[in-house]
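Listing of start00.txt, compact mmCIF, C-alpha atoms
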```txt
# COMPACT_ATOMS: atom_id res chain seq x y z
CA MET N 228 86.41 114.34 120.24
CA ALA N 229 86.57 118.11 120.19
CA LYS N 230 86.90 119.75 116.83
CA ILE N 231 90.13 121.50 115.93
CA HIS N 232 90.20 125.26 115.50
CA ILE N 233 92.17 126.19 112.38
CA HIS N 234 93.47 129.64 111.46
CA THR N 235 94.27 129.96 107.80
CA THR N 236 94.16 132.34 104.85
CA ILE N 237 91.62 131.68 102.13
CA ASN N 238 91.61 133.82 99.00
CA GLY N 239 93.74 136.40 100.79
CA GLU N 240 91.48 136.70 103.82
CA ALA N 241 92.30 135.49 107.31
CA THR N 242 89.78 132.75 108.02
CA GLU N 243 89.01 130.42 110.90
CA PHE N 244 87.11 127.18 110.87
CA LEU N 245 86.39 124.15 113.02
CA CYS N 246 87.04 120.66 111.68
CA GLU N 247 87.51 117.05 112.64
CA PRO N 248 91.17 116.00 112.55
CA HIS N 249 90.47 113.63 109.65
CA ASP N 250 88.27 115.99 107.60
CA SER N 251 89.53 116.83 104.15
CA LEU N 252 90.21 120.41 103.17
CA LEU N 253 87.41 119.92 100.64
CA THR N 254 84.91 119.14 103.40
CA ALA N 255 86.12 122.07 105.49
CA LEU N 256 85.88 124.52 102.59
CA ARG N 257 82.39 123.43 101.64
CA ASP N 258 80.77 122.65 104.99
CA ALA N 259 82.66 124.73 107.56
CA VAL N 260 83.67 127.80 105.55
CA GLY N 261 80.70 127.74 103.17
CA LEU N 262 82.76 128.05 100.01
CA THR N 263 80.87 125.58 97.86
CA GLY N 264 82.49 126.53 94.57
CA THR N 265 85.04 123.76 95.05
CA LYS N 266 83.25 120.60 93.97
CA GLU N 267 83.33 117.06 95.32
CA GLY N 268 83.85 114.46 92.61
CA CYS N 269 85.67 111.24 93.37
CA THR N 270 87.28 112.07 96.77
CA THR N 271 90.24 109.92 95.71
CA GLY N 272 92.33 112.45 93.81
CA ASP N 273 91.39 111.13 90.39
CA CYS N 274 88.96 113.69 88.95
CA GLY N 275 90.31 117.19 89.68
CA ALA N 276 86.90 118.68 90.57
CA CYS N 277 88.21 119.83 93.96
CA SER N 278 91.40 121.47 92.63
CA VAL N 279 92.61 124.33 94.82
CA MET N 280 95.92 126.08 95.34
CA LEU N 281 97.74 125.43 98.61
CA ASN N 282 100.63 127.87 99.05
CA GLY N 283 100.60 128.45 95.31
CA ARG N 284 100.64 124.77 94.40
CA LEU N 285 97.81 122.98 92.64
CA VAL N 286 96.43 120.16 94.81
CA PRO N 287 93.28 118.06 95.11
CA ALA N 288 91.50 119.38 98.21
CA CYS N 289 90.10 115.89 98.88
CA LEU N 290 93.62 114.58 99.58
CA VAL N 291 94.58 117.45 101.88
CA LEU N 292 93.64 117.16 105.54
CA ALA N 293 91.80 120.24 106.74
CA PRO N 294 94.20 120.83 109.67
CA GLU N 295 97.06 121.07 107.17
CA ALA N 296 95.68 124.46 106.14
CA SER N 297 96.73 125.92 109.49
CA GLY N 298 98.91 128.95 108.82
CA GLN N 299 98.90 128.29 105.06
CA ALA N 300 97.38 130.12 102.09
CA VAL N 301 94.52 128.52 100.16
CA THR N 302 93.09 129.81 96.89
CA THR N 303 89.75 128.48 95.68
CA ILE N 304 87.58 129.21 92.64
CA GLU N 305 85.96 132.01 94.69
CA GLY N 306 89.31 133.81 94.70
CA ILE N 307 89.83 133.75 90.93
CA ALA N 308 87.59 136.61 89.79
CA ASN N 309 88.51 140.19 90.70
CA GLY N 310 85.34 141.26 92.47
CA GLU N 311 82.61 141.39 89.84
CA ARG N 312 85.16 141.24 87.04
CA LEU N 313 85.63 137.73 85.70
CA HIS N 314 89.09 136.28 85.27
CA PRO N 315 89.98 135.94 81.56
CA LEU N 316 89.70 132.16 81.93
CA GLN N 317 86.16 132.47 83.24
CA GLN N 318 85.30 134.85 80.39
CA LYS N 319 86.76 132.53 77.76
CA PHE N 320 85.04 129.49 79.24
CA LEU N 321 81.75 131.33 78.69
CA GLU N 322 82.63 132.49 75.18
CA HIS N 323 83.75 129.01 74.12
CA ALA N 324 80.84 127.27 75.88
CA ALA N 325 83.51 125.23 77.66
CA LEU N 326 81.06 123.91 80.23
CA GLN N 327 77.79 122.06 80.27
CA CYS N 328 76.80 120.68 83.66
CA GLY N 329 79.52 122.76 85.30
CA ILE N 330 80.62 120.41 88.06
CA CYS N 331 84.15 120.11 86.70
CA THR N 332 84.44 123.79 85.78
CA PRO N 333 85.79 125.28 89.04
CA GLY N 334 88.51 122.63 89.10
CA PHE N 335 89.39 123.28 85.48
CA ILE N 336 89.56 127.05 86.01
CA VAL N 337 91.78 126.74 89.09
CA ALA N 338 94.02 124.17 87.37
CA ALA N 339 94.23 126.23 84.18
CA LYS N 340 95.10 129.32 86.17
CA ALA N 341 97.88 127.38 87.88
CA LEU N 342 99.19 126.48 84.42
CA LEU N 343 99.07 130.05 83.13
CA ASP N 344 100.80 131.26 86.31
CA VAL N 345 103.88 129.22 85.37
CA ASN N 346 103.44 129.13 81.59
CA PRO N 347 101.46 132.14 80.32
CA ASN N 348 101.19 130.91 76.73
CA PRO N 349 101.17 127.09 76.77
CA THR N 350 101.01 124.84 73.72
CA GLU N 351 98.01 122.60 73.19
CA GLU N 352 100.05 119.56 74.21
CA GLN N 353 101.27 121.24 77.40
CA THR N 354 97.71 122.28 78.20
CA ARG N 355 96.28 118.82 77.62
CA TYR N 356 98.95 117.17 79.77
CA TRP N 357 98.58 119.74 82.55
CA LEU N 358 94.81 119.29 82.64
CA ALA N 359 94.89 115.49 82.29
CA GLY N 360 93.88 115.17 85.95
CA ASN N 361 90.68 117.15 85.42
CA LEU N 362 87.87 114.98 84.15
CA CYS N 363 84.86 116.31 82.21
CA ARG N 364 82.07 113.99 81.14
CA CYS N 365 80.17 116.59 79.08
CA THR N 366 82.29 118.67 76.76
CA GLY N 367 84.74 116.23 75.23
CA TYR N 368 87.47 118.62 76.43
CA ASP N 369 88.03 120.41 73.14
CA LYS N 370 86.16 123.58 74.08
CA ILE N 371 87.95 123.69 77.40
CA ILE N 372 91.35 123.40 75.73
CA ARG N 373 90.38 126.09 73.17
CA ALA N 374 89.32 128.43 75.96
CA VAL N 375 92.58 128.01 77.86
CA LEU N 376 94.67 128.40 74.69
CA ASP N 377 92.73 131.53 73.82
CA VAL N 378 93.66 133.10 77.17
CA GLY N 379 97.25 132.04 76.58
CA ALA N 380 97.24 133.65 73.11
CA ALA N 381 96.06 136.91 74.65
CA ASN N 382 99.09 136.75 76.99
CA ARG N 383 101.50 136.67 74.06
CA MET R 621 85.99 108.24 114.81
CA ASN R 622 88.67 109.29 117.22
CA ILE R 623 91.65 110.23 115.12
CA ARG R 624 94.33 112.76 116.01
CA TYR R 625 96.18 115.07 113.67
CA GLU R 626 99.77 115.73 114.70
CA ALA R 627 102.22 118.03 112.97
CA PRO R 628 105.61 117.52 114.64
CA LYS R 629 108.35 120.04 113.89
CA THR R 630 111.30 117.68 114.37
CA VAL R 631 112.25 114.13 113.43
CA ASP R 632 112.57 113.25 117.13
CA GLN R 633 109.03 114.40 117.85
CA ALA R 634 107.71 112.39 114.91
CA VAL R 635 109.57 109.28 116.02
CA GLN R 636 108.25 109.67 119.58
CA LEU R 637 104.70 109.93 118.27
CA ILE R 638 104.85 106.80 116.12
CA ALA R 639 106.90 104.86 118.67
CA ALA R 640 104.31 105.57 121.35
CA ASP R 641 101.36 104.57 119.17
CA PRO R 642 101.74 101.64 116.76
CA HIS R 643 98.54 102.62 114.94
CA ALA R 644 99.60 106.19 114.20
CA LYS R 645 100.44 106.61 110.53
CA ILE R 646 103.02 108.86 108.96
CA PHE R 647 101.22 111.27 106.65
CA ALA R 648 103.06 112.98 103.80
CA GLY R 649 101.26 113.54 100.49
CA GLY R 650 98.26 111.45 101.48
CA THR R 651 97.70 110.23 97.93
CA ASP R 652 97.78 106.60 99.03
CA LEU R 653 97.01 106.83 102.75
CA LEU R 654 93.90 109.03 102.53
CA VAL R 655 92.46 106.96 99.69
CA GLN R 656 93.00 103.78 101.74
CA PHE R 657 91.57 105.50 104.83
CA ARG R 658 88.41 106.73 103.07
CA ALA R 659 87.91 103.26 101.60
CA GLY R 660 88.00 101.82 105.12
CA LEU R 661 91.18 99.85 104.43
CA ARG R 662 93.14 101.66 107.13
CA GLN R 663 91.98 103.00 110.48
CA PRO R 664 94.92 104.90 111.94
CA THR R 665 94.65 106.41 115.43
CA ALA R 666 96.59 109.47 114.27
CA PHE R 667 97.85 111.15 111.13
CA VAL R 668 101.40 112.29 111.83
CA ASP R 669 101.97 115.00 109.21
CA VAL R 670 105.72 115.18 108.60
CA LYS R 671 105.67 118.07 106.12
CA ARG R 672 106.39 120.65 108.87
CA ILE R 673 109.76 119.03 109.52
CA PRO R 674 112.21 121.05 107.40
CA GLU R 675 114.63 118.20 106.70
CA LEU R 676 111.83 116.02 105.36
CA THR R 677 110.83 118.46 102.64
CA ARG R 678 114.28 119.80 101.73
CA ILE R 679 116.07 118.89 98.49
CA THR R 680 119.83 119.51 98.52
CA ILE R 681 122.54 118.61 96.03
CA ASP R 682 126.22 118.89 96.90
CA ARG R 683 129.51 117.26 95.92
CA ASP R 684 128.41 113.97 97.45
CA GLY R 685 125.10 113.88 95.66
CA LEU R 686 121.41 114.30 96.34
CA ARG R 687 119.64 114.38 99.66
CA LEU R 688 115.95 114.18 98.93
CA GLY R 689 113.66 114.79 101.89
CA ALA R 690 111.21 111.90 102.07
CA ALA R 691 108.23 114.29 102.04
CA ALA R 692 109.33 116.63 99.23
CA CYS R 693 106.50 116.68 96.70
CA ALA R 694 106.85 115.50 93.11
CA ALA R 695 106.16 118.95 91.66
CA GLU R 696 109.06 120.39 93.61
CA ILE R 697 111.35 117.69 92.25
CA GLY R 698 110.08 118.48 88.75
CA GLU R 699 111.04 122.13 89.25
CA HIS R 700 114.57 121.27 90.39
CA ALA R 701 116.72 121.80 87.29
CA GLU R 702 119.93 120.43 88.82
CA LEU R 703 118.22 117.24 89.97
CA GLN R 704 116.77 116.71 86.50
CA ARG R 705 120.15 117.31 84.90
CA LEU R 706 122.03 114.84 87.11
CA TRP R 707 119.32 112.18 87.48
CA PRO R 708 117.04 112.50 84.44
CA GLY R 709 115.73 108.96 84.90
CA LEU R 710 114.77 109.58 88.51
CA ALA R 711 113.12 112.85 87.48
CA GLU R 712 111.11 111.14 84.74
CA ALA R 713 110.01 108.38 87.11
CA VAL R 714 108.77 111.01 89.57
CA HIS R 715 107.08 112.96 86.78
CA LEU R 716 105.11 109.89 85.66
CA ILE R 717 103.19 109.74 88.93
CA GLY R 718 99.59 110.91 88.65
CA SER R 719 98.21 114.24 87.52
CA THR R 720 99.44 117.78 88.08
CA GLN R 721 97.30 117.88 91.22
CA ILE R 722 98.74 114.60 92.50
CA GLN R 723 102.26 115.87 91.73
CA GLY R 724 101.53 118.69 94.18
CA ARG R 725 101.07 116.11 96.94
CA ALA R 726 102.80 112.83 96.14
CA THR R 727 106.26 112.18 97.58
CA VAL R 728 109.11 109.80 96.78
CA GLY R 729 109.25 108.75 100.41
CA GLY R 730 105.58 107.89 100.25
CA ASN R 731 106.05 105.99 97.01
CA LEU R 732 108.67 103.84 98.77
CA CYS R 733 106.72 103.39 102.00
CA ASN R 734 103.50 102.45 100.17
CA ALA R 735 105.61 99.61 98.73
CA SER R 736 103.57 98.99 95.61
CA PRO R 737 105.30 96.53 93.26
CA ALA R 738 104.45 99.00 90.47
CA ALA R 739 105.87 102.10 92.19
CA ASP R 740 107.57 104.21 89.53
CA THR R 741 110.34 105.79 91.56
CA THR R 742 111.69 102.63 93.19
CA CYS R 743 113.54 101.31 90.10
CA ALA R 744 115.08 104.71 89.48
CA LEU R 745 116.28 104.87 93.09
CA ILE R 746 117.68 101.35 92.96
CA VAL R 747 119.71 101.86 89.78
CA ASN R 748 121.14 105.07 91.23
CA ARG R 749 122.33 103.23 94.38
CA ALA R 750 120.03 105.28 96.56
CA GLU R 751 120.09 104.79 100.31
CA CYS R 752 117.18 105.32 102.67
CA LEU R 753 117.95 107.29 105.83
CA ILE R 754 115.79 106.04 108.66
CA SER R 755 115.33 107.45 112.15
CA GLY R 756 113.86 105.44 114.97
CA PRO R 757 113.77 105.09 118.74
CA ASN R 758 117.22 103.45 118.62
CA GLY R 759 118.83 106.08 116.43
CA GLU R 760 119.52 106.22 112.74
CA ARG R 761 120.23 103.58 110.15
CA THR R 762 120.69 103.44 106.41
CA VAL R 763 119.21 100.83 104.10
CA PRO R 764 119.83 100.47 100.34
CA ALA R 765 116.74 101.27 98.26
CA ASP R 766 116.65 97.75 96.83
CA ALA R 767 116.24 96.32 100.34
CA PHE R 768 113.60 98.80 101.57
CA CYS R 769 110.45 97.10 100.25
CA THR R 770 109.98 93.48 101.31
CA ALA R 771 106.54 92.61 99.89
CA PRO R 772 103.50 94.45 98.52
CA GLY R 773 102.65 97.07 101.16
CA ARG R 774 105.54 95.99 103.41
CA THR R 775 108.87 97.63 104.16
CA ILE R 776 111.81 97.06 106.49
CA LEU R 777 110.60 99.94 108.71
CA GLU R 778 110.24 98.77 112.29
CA ARG R 779 107.82 100.19 114.82
CA GLY R 780 108.63 103.82 115.53
CA GLU R 781 110.86 104.22 112.49
CA LEU R 782 110.52 107.10 110.05
CA LEU R 783 111.94 107.37 106.54
CA VAL R 784 113.65 110.77 106.73
CA ALA R 785 115.42 111.16 103.39
CA ILE R 786 116.83 109.40 100.40
CA ARG R 787 120.47 109.88 99.56
CA VAL R 788 121.70 109.34 96.01
CA PRO R 789 125.44 109.45 95.24
CA ARG R 790 126.54 111.94 92.62
CA PRO R 791 126.90 110.17 89.27
CA ALA R 792 130.43 109.63 87.94
CA PRO R 793 131.38 111.21 84.59
CA ARG R 794 129.69 109.55 81.59
CA THR R 795 127.02 108.10 83.87
CA ALA R 796 123.30 108.55 83.33
CA ASP R 797 120.00 106.89 84.11
CA ALA R 798 116.65 106.35 82.40
CA TYR R 799 113.28 104.97 83.47
CA LEU R 800 110.50 103.69 81.24
CA ARG R 801 107.14 102.23 82.07
CA LEU R 802 104.47 100.67 79.95
CA ILE R 803 100.88 101.78 80.37
CA PRO R 804 98.08 101.44 77.81
CA ARG R 805 97.61 105.21 77.58
CA THR R 806 99.79 108.30 77.66
CA GLU R 807 99.58 109.05 81.36
CA MET R 808 97.71 108.69 84.65
CA ASP R 809 97.97 104.95 85.00
CA ILE R 810 99.75 102.27 86.98
CA ALA R 811 102.76 100.57 85.41
CA VAL R 812 102.14 97.26 83.65
CA VAL R 813 105.92 96.97 83.68
CA GLY R 814 108.65 99.46 84.57
CA ALA R 815 112.39 99.37 83.94
CA GLY R 816 115.23 101.57 85.16
CA VAL R 817 118.80 101.50 83.90
CA SER R 818 121.94 103.39 84.86
CA VAL R 819 125.13 103.04 82.80
CA THR R 820 128.65 104.40 83.02
CA LEU R 821 130.70 104.58 79.82
CA ASP R 822 134.41 105.06 79.22
CA ALA R 823 135.78 107.57 76.72
CA GLY R 824 135.45 104.97 73.96
CA GLY R 825 131.79 104.28 74.70
CA VAL R 826 132.34 100.95 76.44
CA CYS R 827 130.08 100.33 79.41
CA THR R 828 132.12 100.10 82.61
CA ALA R 829 129.30 99.97 85.15
CA ALA R 830 125.56 99.36 84.98
CA ARG R 831 122.53 98.81 87.17
CA VAL R 832 119.18 97.46 85.98
CA ALA R 833 115.94 97.26 87.96
CA ILE R 834 112.44 96.22 86.90
CA ALA R 835 109.04 96.96 88.45
CA ALA R 836 105.54 95.47 88.48
CA VAL R 837 106.92 92.03 87.61
CA ALA R 838 107.49 90.69 91.15
CA PRO R 839 106.27 91.41 94.70
CA THR R 840 108.90 94.17 94.91
CA ALA R 841 111.03 96.04 92.39
CA LEU R 842 113.92 93.79 91.40
CA LEU R 843 117.57 94.62 90.94
CA VAL R 844 118.77 92.45 88.03
CA PRO R 845 122.55 91.94 88.31
CA ASP R 846 122.58 89.53 85.33
CA ALA R 847 121.22 92.24 83.05
CA ALA R 848 123.86 94.67 84.31
CA ARG R 849 126.59 92.07 83.71
CA ALA R 850 125.40 91.67 80.11
CA LEU R 851 125.94 95.40 79.55
CA ILE R 852 129.27 95.84 81.37
CA GLY R 853 132.29 95.47 79.10
CA SER R 854 130.23 95.93 75.94
CA PRO R 855 129.83 98.95 73.67
CA LEU R 856 126.08 98.50 74.30
CA ASP R 857 125.68 96.91 70.90
CA ASP R 858 122.72 94.84 69.82
CA ALA R 859 124.19 91.62 71.19
CA ALA R 860 124.72 93.07 74.67
CA LEU R 861 121.33 94.77 74.70
CA ALA R 862 119.66 91.51 73.67
CA LEU R 863 121.42 89.64 76.48
CA ALA R 864 120.39 92.29 79.01
CA ALA R 865 116.79 92.10 77.81
CA GLU R 866 116.88 88.32 78.10
CA ALA R 867 118.26 88.56 81.63
CA ALA R 868 115.53 91.01 82.68
CA SER R 869 112.82 88.78 81.22
CA ALA R 870 114.33 85.77 82.98
CA ALA R 871 114.44 87.61 86.33
CA ALA R 872 110.82 88.76 86.06
CA ARG R 873 108.30 86.63 87.92
CA PRO R 874 105.08 88.50 87.26
CA ILE R 875 101.48 87.65 88.01
CA SER R 876 98.66 87.83 85.47
CA ASP R 877 96.06 90.47 86.27
CA LYS R 878 93.80 92.97 84.54
CA ARG R 879 96.83 95.04 83.52
CA GLY R 880 98.77 92.29 81.81
CA THR R 881 99.50 88.59 81.61
CA THR R 882 102.57 86.84 82.94
CA ASP R 883 104.00 86.21 79.47
CA TYR R 884 103.35 89.73 78.27
CA ARG R 885 104.95 91.31 81.32
CA ARG R 886 107.96 89.03 81.07
CA THR R 887 108.50 90.03 77.44
CA ILE R 888 107.98 93.74 78.10
CA ALA R 889 110.44 93.70 81.01
CA GLY R 890 113.12 92.84 78.46
CA VAL R 891 111.92 95.35 75.88
CA LEU R 892 111.86 98.23 78.36
CA THR R 893 115.24 97.26 79.81
CA ARG R 894 116.77 97.41 76.36
CA ARG R 895 115.16 100.74 75.49
CA ALA R 896 116.03 102.32 78.85
CA ALA R 897 119.65 101.19 78.43
CA VAL R 898 119.82 102.89 75.03
CA ILE R 899 118.36 106.12 76.44
CA ALA R 900 120.68 106.06 79.46
CA ALA R 901 123.71 105.48 77.21
CA GLY R 902 122.74 108.40 74.97
CA ARG R 903 122.56 110.64 78.02
CA ALA R 904 125.79 109.29 79.51
CA LYS R 905 127.72 110.26 76.37
CA THR R 906 126.84 113.91 76.93
CA ARG R 907 127.93 113.92 80.58
CA VAL R 908 131.67 114.07 80.00
CA THR R 909 132.79 115.83 83.18
CA ASP R 910 132.07 115.20 86.79
CA ASP R 911 130.04 118.36 86.74
CA GLY R 912 128.26 117.59 83.47
```
Starting from the coordinates I provided, produce the structure as C-alpha cells.
Amino acid sequence: MAKIHIHTTINGEATEFLCEPHDSLLTALRDAVGLTGTKEGCTTGDCGACSVMLNGRLVPACLVLAPEASGQAVTTIEGIANGERLHPLQQKFLEHAALQCGICTPGFIVAAKALLDVNPNPTEEQTRYWLAGNLCRCTGYDKIIRAVLDVGAANR
Amino acid sequence: MNIRYEAPKTVDQAVQLIAADPHAKIFAGGTDLLVQFRAGLRQPTAFVDVKRIPELTRITIDRDGLRLGAAACAAEIGEHAELQRLWPGLAEAVHLIGSTQIQGRATVGGNLCNASPAADTTCALIVNRAECLISGPNGERTVPADAFCTAPGRTILERGELLVAIRVPRPAPRTADAYLRLIPRTEMDIAVVGAGVSVTLDAGGVCTAARVAIAAVAPTALLVPDAARALIGSPLDDAALALAAEAASAAARPISDKRGTTDYRRTIAGVLTRRAAVIAAGRAKTRVTDDG
C-alpha cells in the first residue's frame, strides 16, 4: 500500500514526511524525519522515553499514529534548546549529573518542560507524580528530581 | 500489512466507515488499541480516528449536567474545574489512569469500550447515573453506563455503532461522589479492587439516595443496589456503613490472580465501599445549593 504523505509542524517548522498508516509518530520522527532525539523504550506507553508534545500536550509518541500529526504541532527534544543555548532544564541536568546512559533523558526533559509550562515552581511531590511515567534505570531519580526542582526554584 | 487510517470529520462518516467494514476499529487515545495491535492481539483493517469529530472531544456542562465527548482526553478532564467541582469522584477516577503522558491520550469513552473489569472510570460513571449516547446505522440510542459492558472486552455496541458521548445528570443539592481503588503502589497500576459511591443527604445529614458500584471483582463493574439500600435512610453511621460494606463484599464475585486473591478482593470491596461512602458524604455536606 502506498505511503501517506503528512504535512505537519515539528518544532515550529513546517515539515512533510511519508509513513505507513499504522506507523507510530515515534517511528516517523526517528526514521522518516530523522529526529532521533526521541527515544524508543517500551513502545507500549509505559516508559516515557518517547515523550513529545502534541499541540502542547505531553504524549507518548509510541501511542500516537503518525498520520495523526497531520496539520498539528509537534515538539520534540530537538525543539527544547534555543539554538546553541541549552534550555535551563538541559543545563541543570548536566550540573546535577541527572543522566547516566541517557536513553531516558530526552523524555524526562520534554516531560519536565511540560510540567514547568503549567507549574513553573512545582513541589517535589508534584514533580515526582508528574514524572512517574518516565522510567530511569540508572540514576535512582533523585538527581533528576533535584535538577527539575532547581529550575523551578530559579523561576520563583 | 494493509491497514488504512481514516479521520472522519462527522459522526455519520465514522458510522459509515465502521458499518461498511466490520474489522475497522474506532481509534481514540490508542492506549489500549495500539498496545493490543503491536502485540499482535488485534489486526484491524482500519484505524478510524474519531478525534477530528468536534462533538467527540467536546466537554460541556449546562443545567442538565455533563456531556462528555467519548474521545476527550483525561488531561482535558483534569483541567476542567467545573467538572471536578460537580463530579469529584469521576474526576479522581479519570486522574488515576496511567501517567501524565497517558493522560494526554486516554479517554473515558475508550475506557468504557475497552471493557476491562478493572476500568477506573466505569464505577464513577455508574454511580452518577451516566448514560452512553450511541450512534449507529439505525440512528441513535442511549444505554445506561451499568449496562454498557457485558463481559471482559465486550460491550453492547453492535456492528457500525459508535460511542459518541457520555451524559451525566447534574447532581442534586447535597449530592457528591467518590471513587477509590486499591493498588499496591501509589500510582500507575491496575485496580485490584475499585469502589465508587454517590450519596445524597438531606439537611439533617440523613442519606436520601445512594449508588454504589465496585470494579475488578466481577467480569464487569457491578452496581450494588443492596449496598445503596443499606445507606439510604441512615445518617451514614457505623452501622449503616458496615452493612453497605457487607453488601458490597457479598456482591463481589472476584477471581484470584496475580493482583489479589478472591478472599482479599471480596474483603477490600467492602472496605473501599465504606471509605468511599464516607468521602462522598463529606463532600455532599458542602454542596448545599443546586449550584454548589
task: With a distance threshold of 7 Å and counting only C-alpha atoms, extract the residues of chain N near chain R and express them as a ChimeraX atom specification.
output: /N:228,248-249,271-272,284-287,290,357,359-360
field: Separation of CA of Ala711 (chain R) from CA of Ala694 (chain R) in Å
entry: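 For CA of Ala694 (chain R) relative to CA of Ala711 (chain R), the distance reads 8.8 Å.
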message: Give me the residues near region 361-370 of chain N as a count of residues only, where near means some atom within 6 Å (using all atoms listed in the file) and where sequence neighbours in that chain fewer than 5 positions away do not count.
response: 5
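When all atoms listed in the file are used to compute distances to Ala259 (chain N), the closest of the residues N:Ala229, N:Leu326, N:Ala276, N:Ala293 turns out to be N:Ala293.
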task: Please identify all polymer residues within 8 Å of Ile372 (chain N), counting all atoms listed in the file, omitting same-chain residues fewer than 3 positions from it, and present them as a ChimeraX atom specification.
output: /N:351,354-355,368-369,375-376
As AutoDock Vina command-line options: centre and edge lengths in Å, one decimal, of the axis-aligned box holding region 367-377 of chain N with 6 Å per side:
```
--center_x 89.7 --center_y 123.9 --center_z 75.5 --size_x 21.9 --size_y 27.3 --size_z 16.7
```
- line: Ala900 (chain R) proximity check over R:Gly685, R:Gly816, R:Pro764, R:Gly660, using only C-alpha atoms: winner is R:Gly816
Polymer residues at most 12 Å from Val260 (chain N), all atoms listed in the file, same-chain spacing of 5 or more positions, as a ChimeraX atom specification: /N:233-238,240-246,252-255,265,293,303,305
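Atom pair CA of Leu706 (chain R) / CA of Ala865 (chain R) has a distance of 25.1 Å (rounded to one decimal).
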query: Could you work out how far CA of Pro839 (chain R) lies from CA of Ala785 (chain R), giving the answer in Å with one decimal?
result: 23.4 Å
field: 9 Å contact set for Ala889 (chain R), all atoms listed in the file, chain neighbours under 5 positions out, as a count of residues only
entry: 13
message: When you count all atoms listed in the file, which of these residues is closest to Thr270 (chain N): N:Leu256, N:Asn282, N:Val291, N:Gln353?
response: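 Answer, going by the shortest atom-to-atom distance: N:Val291.
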- request: Would you mind listing what lies within 10 Å of Gln636 (chain R) as number ranges by chain, with all atoms listed in the file counted and same-chain residues fewer than 4 positions away left out?
  value: R: 628, 631-632, 640-641, 756-757, 780-781
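Closest approach to Leu292 (chain N) from the set N:Asp250, N:Ala341, N:Lys230, N:Asn382 is made by N:Asp250, with distances taken over all atoms listed in the file.
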field: Distance query 12 Å from (134.5, 106.5, 71.2) using all atoms listed in the file, result as number ranges by chain
entry: R: 794, 821-827, 855, 905, 908
Selection file, C-alpha atoms, as a tab-separated table (two decimals), keeping the file's coordinate frame:
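The resulting out_34.tsv:
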```tsv
chain	number	residue	atom	x	y	z
R	794	ARG	CA	129.69	109.55	81.59
R	821	LEU	CA	130.70	104.58	79.82
R	822	ASP	CA	134.41	105.06	79.22
R	823	ALA	CA	135.78	107.57	76.72
R	824	GLY	CA	135.45	104.97	73.96
R	825	GLY	CA	131.79	104.28	74.70
R	826	VAL	CA	132.34	100.95	76.44
R	827	CYS	CA	130.08	100.33	79.41
R	855	PRO	CA	129.83	98.95	73.67
R	905	LYS	CA	127.72	110.26	76.37
R	908	VAL	CA	131.67	114.07	80.00
```
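Near (92.8, 126.2, 87.0), the residues that fall inside 10 Å on the basis of only C-alpha atoms are Gly275, Ser278, Val279, Met280, Leu285, Thr303, Ile304, Ile307, Leu316, Gln317, Thr332, Pro333, Gly334, Phe335, Ile336, Val337, Ala338, Ala339, Lys340, Ala341, Leu342, Leu343, Asp344, Trp357, Leu358, Asn361 and Val375 of chain N.
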